[in-house]
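Source file: structure16.cif (mmCIF, C-alpha atoms and all ligand atoms)
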```
data_entry
#
loop_
_atom_site.label_atom_id
_atom_site.label_comp_id
_atom_site.auth_asym_id
_atom_site.auth_seq_id
_atom_site.Cartn_x
_atom_site.Cartn_y
_atom_site.Cartn_z
CA MET A 1 -18.78 10.09 -16.87
CA SER A 2 -19.57 11.27 -13.34
CA VAL A 3 -16.81 12.78 -11.20
CA GLN A 4 -17.47 10.16 -8.55
CA LYS A 5 -16.92 7.21 -10.94
CA GLU A 6 -13.65 8.60 -12.32
CA VAL A 7 -11.90 8.96 -8.97
CA LYS A 8 -9.97 6.30 -7.09
CA ARG A 9 -10.43 8.09 -3.79
CA VAL A 10 -13.13 10.61 -2.83
CA THR A 11 -11.59 13.73 -1.28
CA THR A 12 -13.08 17.02 -0.13
CA HIS A 13 -11.88 18.49 -3.46
CA VAL A 14 -13.75 15.82 -5.40
CA LEU A 15 -16.91 16.70 -3.46
CA ALA A 16 -16.47 20.42 -4.26
CA GLU A 17 -16.11 19.52 -7.92
CA MET A 18 -19.25 17.37 -7.78
CA LYS A 19 -21.23 20.33 -6.45
CA LEU A 20 -19.85 22.55 -9.22
CA ARG A 21 -20.91 19.98 -11.84
CA GLY A 22 -24.29 19.45 -10.25
CA GLU A 23 -23.58 15.79 -9.48
CA LYS A 24 -25.46 14.62 -6.37
CA ILE A 25 -23.42 13.28 -3.46
CA SER A 26 -24.36 9.99 -1.75
CA MET A 27 -23.62 9.41 1.91
CA LEU A 28 -24.53 6.63 4.38
CA THR A 29 -23.51 5.79 7.90
CA SER A 30 -21.48 2.71 8.87
CA TYR A 31 -20.06 1.69 12.20
CA ASP A 32 -18.07 -1.50 11.55
CA TYR A 33 -15.55 -3.03 9.13
CA SER A 34 -17.80 -5.52 7.31
CA MET A 35 -20.66 -3.11 6.60
CA ALA A 36 -18.29 -0.28 5.62
CA LYS A 37 -16.55 -2.59 3.13
CA LEU A 38 -19.86 -3.44 1.43
CA VAL A 39 -21.03 0.17 1.40
CA ASP A 40 -17.70 1.33 -0.05
CA GLN A 41 -17.72 -1.38 -2.73
CA ALA A 42 -21.22 -0.28 -3.75
CA GLY A 43 -19.84 3.14 -4.72
CA ILE A 44 -20.90 5.47 -1.92
CA ASP A 45 -19.18 8.89 -1.89
CA ILE A 46 -19.06 9.53 1.88
CA ILE A 47 -19.26 7.14 4.83
CA LEU A 48 -20.27 8.80 8.08
CA VAL A 49 -19.30 7.09 11.30
CA GLY A 50 -22.27 8.75 12.94
CA ASP A 51 -22.84 9.15 16.65
CA SER A 52 -26.15 7.45 15.77
CA ALA A 53 -23.98 4.43 16.72
CA SER A 54 -25.17 5.34 20.20
CA ASN A 55 -28.73 4.43 19.15
CA VAL A 56 -28.36 1.66 16.58
CA MET A 57 -25.23 -0.08 17.89
CA ALA A 58 -25.37 0.53 21.64
CA GLY A 59 -29.16 0.71 22.13
CA ASN A 60 -29.18 4.12 23.84
CA GLU A 61 -32.22 6.39 23.51
CA THR A 62 -30.12 9.40 22.47
CA THR A 63 -26.72 10.10 20.94
CA LEU A 64 -25.49 11.74 24.15
CA PRO A 65 -23.96 8.77 25.99
CA ILE A 66 -21.48 7.66 23.30
CA THR A 67 -17.88 8.46 24.23
CA LEU A 68 -14.88 9.64 22.24
CA ASP A 69 -13.18 6.26 22.73
CA GLN A 70 -16.27 4.44 21.44
CA MET A 71 -16.44 6.69 18.36
CA ILE A 72 -12.74 6.07 17.77
CA TYR A 73 -13.31 2.31 18.00
CA HIS A 74 -16.08 2.53 15.35
CA GLY A 75 -14.05 4.93 13.19
CA LYS A 76 -10.98 2.69 13.20
CA SER A 77 -13.06 -0.36 12.23
CA VAL A 78 -14.76 1.50 9.36
CA VAL A 79 -11.55 2.98 7.93
CA LYS A 80 -10.03 -0.51 7.64
CA GLY A 81 -12.87 -1.58 5.31
CA VAL A 82 -12.79 1.47 3.02
CA THR A 83 -10.60 2.07 -0.01
CA ARG A 84 -12.53 4.74 -1.87
CA ALA A 85 -15.16 6.73 0.05
CA LEU A 86 -14.37 9.77 2.20
CA VAL A 87 -14.72 8.72 5.86
CA VAL A 88 -16.11 11.27 8.32
CA VAL A 89 -16.24 10.59 12.07
CA ASP A 90 -18.78 12.36 14.30
CA MET A 91 -17.37 14.21 17.30
CA PRO A 92 -19.51 13.01 20.21
CA PHE A 93 -21.42 15.16 22.68
CA GLY A 94 -19.17 16.84 25.25
CA THR A 95 -15.93 16.66 23.27
CA TYR A 96 -16.00 20.04 21.50
CA GLN A 97 -18.69 22.32 22.96
CA GLY A 98 -16.75 23.29 26.09
CA ASN A 99 -13.89 25.17 24.47
CA SER A 100 -11.88 25.18 21.27
CA LEU A 101 -8.79 23.63 22.90
CA GLU A 102 -10.85 20.62 23.96
CA ALA A 103 -12.30 20.51 20.44
CA ILE A 104 -8.94 20.50 18.68
CA ASN A 105 -7.59 17.84 21.07
CA SER A 106 -10.63 15.62 20.43
CA ALA A 107 -10.39 16.08 16.65
CA ILE A 108 -6.66 15.32 16.61
CA ARG A 109 -7.23 12.17 18.66
CA ILE A 110 -9.91 11.00 16.21
CA MET A 111 -7.69 11.65 13.18
CA LYS A 112 -4.51 10.15 14.70
CA ILE A 113 -6.10 6.91 15.84
CA THR A 114 -8.79 6.22 13.23
CA HIS A 115 -7.01 7.53 10.10
CA ALA A 116 -10.37 8.97 8.98
CA ASP A 117 -10.51 11.84 6.47
CA ALA A 118 -12.63 14.37 8.41
CA VAL A 119 -14.74 15.05 11.48
CA LYS A 120 -18.32 16.29 11.85
CA LEU A 121 -19.80 18.37 14.64
CA GLU A 122 -23.19 19.91 15.41
CA GLY A 123 -23.97 23.61 15.80
CA GLY A 124 -23.51 27.06 14.28
CA LYS A 125 -22.30 30.30 15.85
CA GLU A 126 -21.75 28.64 19.25
CA VAL A 127 -19.08 26.26 17.88
CA ILE A 128 -17.44 28.50 15.25
CA GLU A 129 -14.25 29.02 17.28
CA SER A 130 -13.86 25.24 17.58
CA VAL A 131 -14.46 24.77 13.84
CA GLU A 132 -11.87 27.42 12.97
CA ARG A 133 -9.28 25.89 15.25
CA ILE A 134 -9.78 22.36 13.92
CA VAL A 135 -9.66 23.60 10.31
CA GLN A 136 -6.47 25.58 11.07
CA ALA A 137 -4.89 22.32 12.24
CA GLY A 138 -5.52 20.92 8.75
CA ILE A 139 -8.47 18.72 9.67
CA PRO A 140 -11.48 18.92 7.31
CA VAL A 141 -14.72 19.68 9.18
CA MET A 142 -18.30 18.90 8.18
CA GLY A 143 -20.97 21.03 9.91
CA HIS A 144 -24.44 19.86 11.00
CA LEU A 145 -27.48 22.14 11.39
CA GLY A 146 -31.28 21.80 11.67
CA LEU A 147 -32.25 18.90 13.89
CA MET A 148 -29.18 18.38 16.06
CA PRO A 149 -29.72 15.20 18.07
CA GLN A 150 -27.01 16.14 20.60
CA SER A 151 -29.27 19.08 21.64
CA ILE A 152 -32.39 16.97 22.10
CA HIS A 153 -32.77 18.02 25.74
CA LYS A 154 -32.81 21.70 24.68
CA TYR A 155 -35.56 21.19 22.07
CA GLY A 156 -37.48 18.32 23.67
CA THR A 157 -38.61 16.70 20.39
CA TYR A 158 -37.23 15.27 17.15
CA SER A 159 -39.79 17.24 15.09
CA VAL A 160 -39.06 19.28 11.93
CA ARG A 161 -36.82 22.27 12.67
CA ALA A 162 -36.67 25.83 11.35
CA GLN A 163 -40.30 26.08 10.24
CA GLU A 164 -40.57 29.53 11.84
CA GLU A 165 -38.80 32.49 10.22
CA VAL A 166 -36.55 33.35 13.17
CA GLU A 167 -35.14 29.82 13.41
CA ALA A 168 -34.86 29.58 9.61
CA GLU A 169 -32.87 32.83 9.40
CA LYS A 170 -30.57 31.69 12.22
CA LEU A 171 -29.97 28.45 10.34
CA VAL A 172 -29.07 30.32 7.12
CA SER A 173 -26.75 32.66 9.01
CA ASP A 174 -25.11 29.69 10.83
CA ALA A 175 -24.62 27.91 7.50
CA HIS A 176 -22.75 30.94 6.14
CA LEU A 177 -20.65 31.15 9.31
CA LEU A 178 -19.69 27.48 9.00
CA GLU A 179 -18.70 28.01 5.37
CA GLN A 180 -16.62 31.08 6.29
CA ALA A 181 -14.98 29.13 9.14
CA GLY A 182 -13.73 26.62 6.57
CA CYS A 183 -16.17 23.67 6.68
CA PHE A 184 -15.91 21.60 3.50
CA ALA A 185 -19.61 20.58 3.66
CA ILE A 186 -22.61 20.70 5.96
CA VAL A 187 -25.42 18.32 6.84
CA LEU A 188 -28.95 19.74 7.18
CA GLU A 189 -31.30 17.50 9.15
CA LYS A 190 -35.11 17.53 9.09
CA ILE A 191 -35.93 21.02 7.83
CA PRO A 192 -38.40 22.30 5.19
CA ALA A 193 -37.31 21.42 1.63
CA LYS A 194 -37.44 25.07 0.49
CA LEU A 195 -35.02 26.09 3.21
CA GLY A 196 -32.67 23.23 2.31
CA GLN A 197 -32.69 24.37 -1.31
CA ARG A 198 -32.04 27.98 -0.32
CA VAL A 199 -29.01 27.05 1.79
CA ALA A 200 -27.63 24.82 -0.98
CA GLN A 201 -28.02 27.66 -3.49
CA GLU A 202 -26.43 30.26 -1.22
CA LEU A 203 -23.41 28.18 -0.16
CA LYS A 204 -20.46 27.21 -2.34
CA ILE A 205 -19.71 24.09 -0.23
CA PRO A 206 -21.81 20.92 -0.63
CA VAL A 207 -24.97 20.69 1.48
CA ILE A 208 -26.04 17.13 2.33
CA GLY A 209 -29.59 16.60 3.52
CA ILE A 210 -31.41 14.08 5.69
CA GLY A 211 -35.06 15.05 5.54
CA ALA A 212 -34.11 18.36 3.88
CA GLY A 213 -35.69 17.70 0.47
CA GLY A 214 -34.31 17.15 -3.02
CA GLY A 215 -32.91 20.63 -3.60
CA VAL A 216 -29.71 20.04 -1.64
CA ASP A 217 -26.42 18.71 -3.08
CA GLY A 218 -26.60 15.20 -1.64
CA GLN A 219 -28.43 12.83 0.67
CA VAL A 220 -27.51 10.90 3.79
CA LEU A 221 -29.37 8.14 5.65
CA VAL A 222 -28.59 5.95 8.62
CA ILE A 223 -27.75 2.54 7.14
CA HIS A 224 -29.79 0.61 9.72
CA ASP A 225 -32.87 2.63 8.71
CA MET A 226 -32.49 2.34 4.92
CA LEU A 227 -31.80 -1.40 5.14
CA GLY A 228 -34.82 -1.94 7.41
CA LEU A 229 -32.79 -3.18 10.38
CA THR A 230 -34.58 -0.68 12.60
CA GLN A 231 -38.31 -1.36 12.63
CA GLU A 232 -39.95 1.21 14.86
CA PHE A 233 -38.33 4.31 13.29
CA SER A 234 -40.22 5.48 10.20
CA PRO A 235 -40.06 9.23 9.61
CA ARG A 236 -41.49 10.66 6.39
CA PHE A 237 -38.04 11.27 4.87
CA LEU A 238 -36.93 7.64 5.17
CA ARG A 239 -36.95 5.37 2.12
CA ARG A 240 -36.39 1.71 3.04
CA TYR A 241 -34.45 -0.25 0.41
CA LEU A 242 -34.66 -3.61 2.18
CA ASN A 243 -36.52 -5.29 5.00
CA LEU A 244 -33.42 -6.77 6.57
CA SER A 245 -34.99 -7.29 9.99
CA SER A 246 -37.50 -9.83 8.64
CA LEU A 247 -34.82 -11.51 6.48
CA ILE A 248 -32.58 -11.91 9.53
CA THR A 249 -35.40 -13.12 11.77
CA GLY A 250 -36.45 -15.63 9.11
CA ALA A 251 -32.89 -16.95 8.70
CA VAL A 252 -32.40 -17.29 12.46
CA GLU A 253 -35.77 -19.08 12.82
CA ASN A 254 -34.70 -21.53 10.10
CA TYR A 255 -31.36 -22.13 11.85
CA VAL A 256 -33.06 -22.75 15.20
CA ALA A 257 -35.47 -25.21 13.56
CA ASP A 258 -32.60 -27.02 11.76
CA VAL A 259 -30.58 -27.39 14.99
CA LYS A 260 -33.61 -28.63 16.95
CA SER A 261 -34.57 -31.14 14.25
CA ARG A 262 -30.92 -32.35 13.91
CA ASP A 263 -31.00 -31.36 10.21
CA PHE A 264 -27.92 -29.16 10.85
CA PRO A 265 -25.14 -30.16 10.55
CA ASN A 266 -25.56 -32.81 7.85
CA GLU A 267 -22.82 -35.25 6.73
CA LYS A 268 -21.20 -32.73 4.37
CA GLU A 269 -21.05 -30.13 7.10
CA GLN A 270 -18.87 -32.22 9.45
CA TYR A 271 -15.33 -33.67 9.40
CA ASP A 272 -14.39 -37.35 8.95
O1 LIG B 301 -25.11 10.42 13.52
C1 LIG B 301 -25.65 10.36 12.40
O2 LIG B 301 -25.99 9.30 11.89
C2 LIG B 301 -25.87 11.62 11.69
C3 LIG B 301 -26.70 11.56 10.46
C4 LIG B 301 -28.13 11.48 10.82
C5 LIG B 301 -26.43 12.70 9.55
O3 LIG B 301 -25.43 12.64 12.12
#
```

In structure tokens, what does this structure look like?
Ligand code: KIV
Amino acid sequence: MSVQKEVKRVTTHVLAEMKLRGEKISMLTSYDYSMAKLVDQAGIDIILVGDSASNVMAGNETTLPITLDQMIYHGKSVVKGVTRALVVVDMPFGTYQGNSLEAINSAIRIMKITHADAVKLEGGKEVIESVERIVQAGIPVMGHLGLMPQSIHKYGTYSVRAQEEVEAEKLVSDAHLLEQAGCFAIVLEKIPAKLGQRVAQELKIPVIGIGAGGGVDGQVLVIHDMLGLTQEFSPRFLRRYLNLSSLITGAVENYVADVKSRDFPNEKEQYD
């Protein structure tokens, strides 16, 4: 029996045990109560309230505009729908990079109001003091390296990261620093598969990949992408499990036609 199936509630300790046993960790994003409930019931290990909400929920081009209050709103909604998965809330751009006091205040606010289990933030060496301070306050932290969407204006593109040796070595060193600072797991986004495998082998904490190959300890995808709700986004790493956009469009077209033709509502769908 897998560790994940035995447990009533996924904790950071359960995840550590899964890595030790070689059991892969599954993680998906969710941003609202109804979706989180379905994802949790389907047996996911971790639900990430990602700042990708900025793109897929609010329609922004980047993750930068989403605010702490908006992330807290999404986090609170998700937590209410979840009984089993570990819920991680992304710390949005501008709420932890400035200084570690700002970081701890933002993390405490997220935890107090959403009742989530952990926070996630992007960066390595530059944010280590913030990570240490949040961890010291008893809040589990998930790191995020490789493609870091909050730094899009620094890099200019969403292309594969750490293909050159210097960047790859910095990523490995940052991963070790995050582990030493007390992170319970890290996400690696869009990096060469060999590098993902190396980091997963070198670290004791779970390494969850998105476009980081199969050699890491788990996988994460944005739920709108894997369900086919987003149409234009199709990177190589994405596997679509459903074409929800065409199912929804089809259903709405049928509804419109039924209303126009007076087929809806019929006698059974109205009150005497
Ligand atoms: O915000 C997000 O959805 C993420 C995932 C891509 C890991 O950080």

Pick out the residues no farther than 6 Å from ligand LIG 301 (chain B), counting all atoms listed in the file, and list them as a PyMOL selection string.
-> chain A and resi 29+50-52+222

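The two atoms in question, CA of Gly156 in chain A and CA of Gln197 in chain A, are spaced 26.1 Å apart.
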
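Distance check against Gln201 in chain A using only C-alpha atoms: of A:Ala175, A:Cys183, A:Leu28, A:Val10, the minimum falls on A:Ala175.
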
Give me the residues within 7 Å of range 96-107 of chain A as JSON, numbers by chain, counting all atoms listed in the file and dropping any in the same chain fewer than 3 places off.
-> {"A": [110, 111, 119, 127, 129, 130, 133, 134]}

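Across the structure, CA of Gly94 in chain A and CA of Glu189 in chain A are spaced 20.2 Å apart.
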
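Each of A:Pro149, A:Gly182, A:Gly215, A:Gly43 was checked against Glu132 in chain A using all atoms listed in the file; the smallest atom-to-atom distance is that of A:Gly182.
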
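Among the candidate residues A:Ile139, A:Ala181, A:Ala53, A:Lys260, the one lying nearest to Lys112 in chain A is A:Ile139, with distances computed using all atoms listed in the file.
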
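Using only C-alpha atoms, the shortest contact distance between Ser54 in chain A and any of A:Val256, A:Ala16, A:Ala42, A:Met71 is found at A:Met71.
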
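You can rank A:Val220, A:His74, A:Ala118, A:Glu167 by their closest distance to Ile44 in chain A using all atoms listed in the file, and at the top of that list sits A:Val220.
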
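Atom pair CA of Arg236 in chain A / CA of Lys190 in chain A has a distance of 9.8 Å (rounded to one decimal).
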
Grab all the atoms of range 45-58 of chain A that the file lists, wrap them in a box along x, y and z, add 8 Å per side, and give me centre plus edge lengths in Å (one decimal) as JSON.
```
{"center_x": -23.9, "center_y": 4.7, "center_z": 9.9, "size_x": 25.7, "size_y": 25.6, "size_z": 39.5}
```

One residue among A:Met35, A:Val166, A:Ile205, A:Leu145 is nearest to Met18 in chain A when using only C-alpha atoms, and that residue is A:Ile205

Distance query Pro92 in chain A at most 8 Å, all atoms listed in the file, self and fewer than 3 positions along chain excluded, as a ChimeraX atom specification = /A:51,63-64,66-68,71,95-96,121
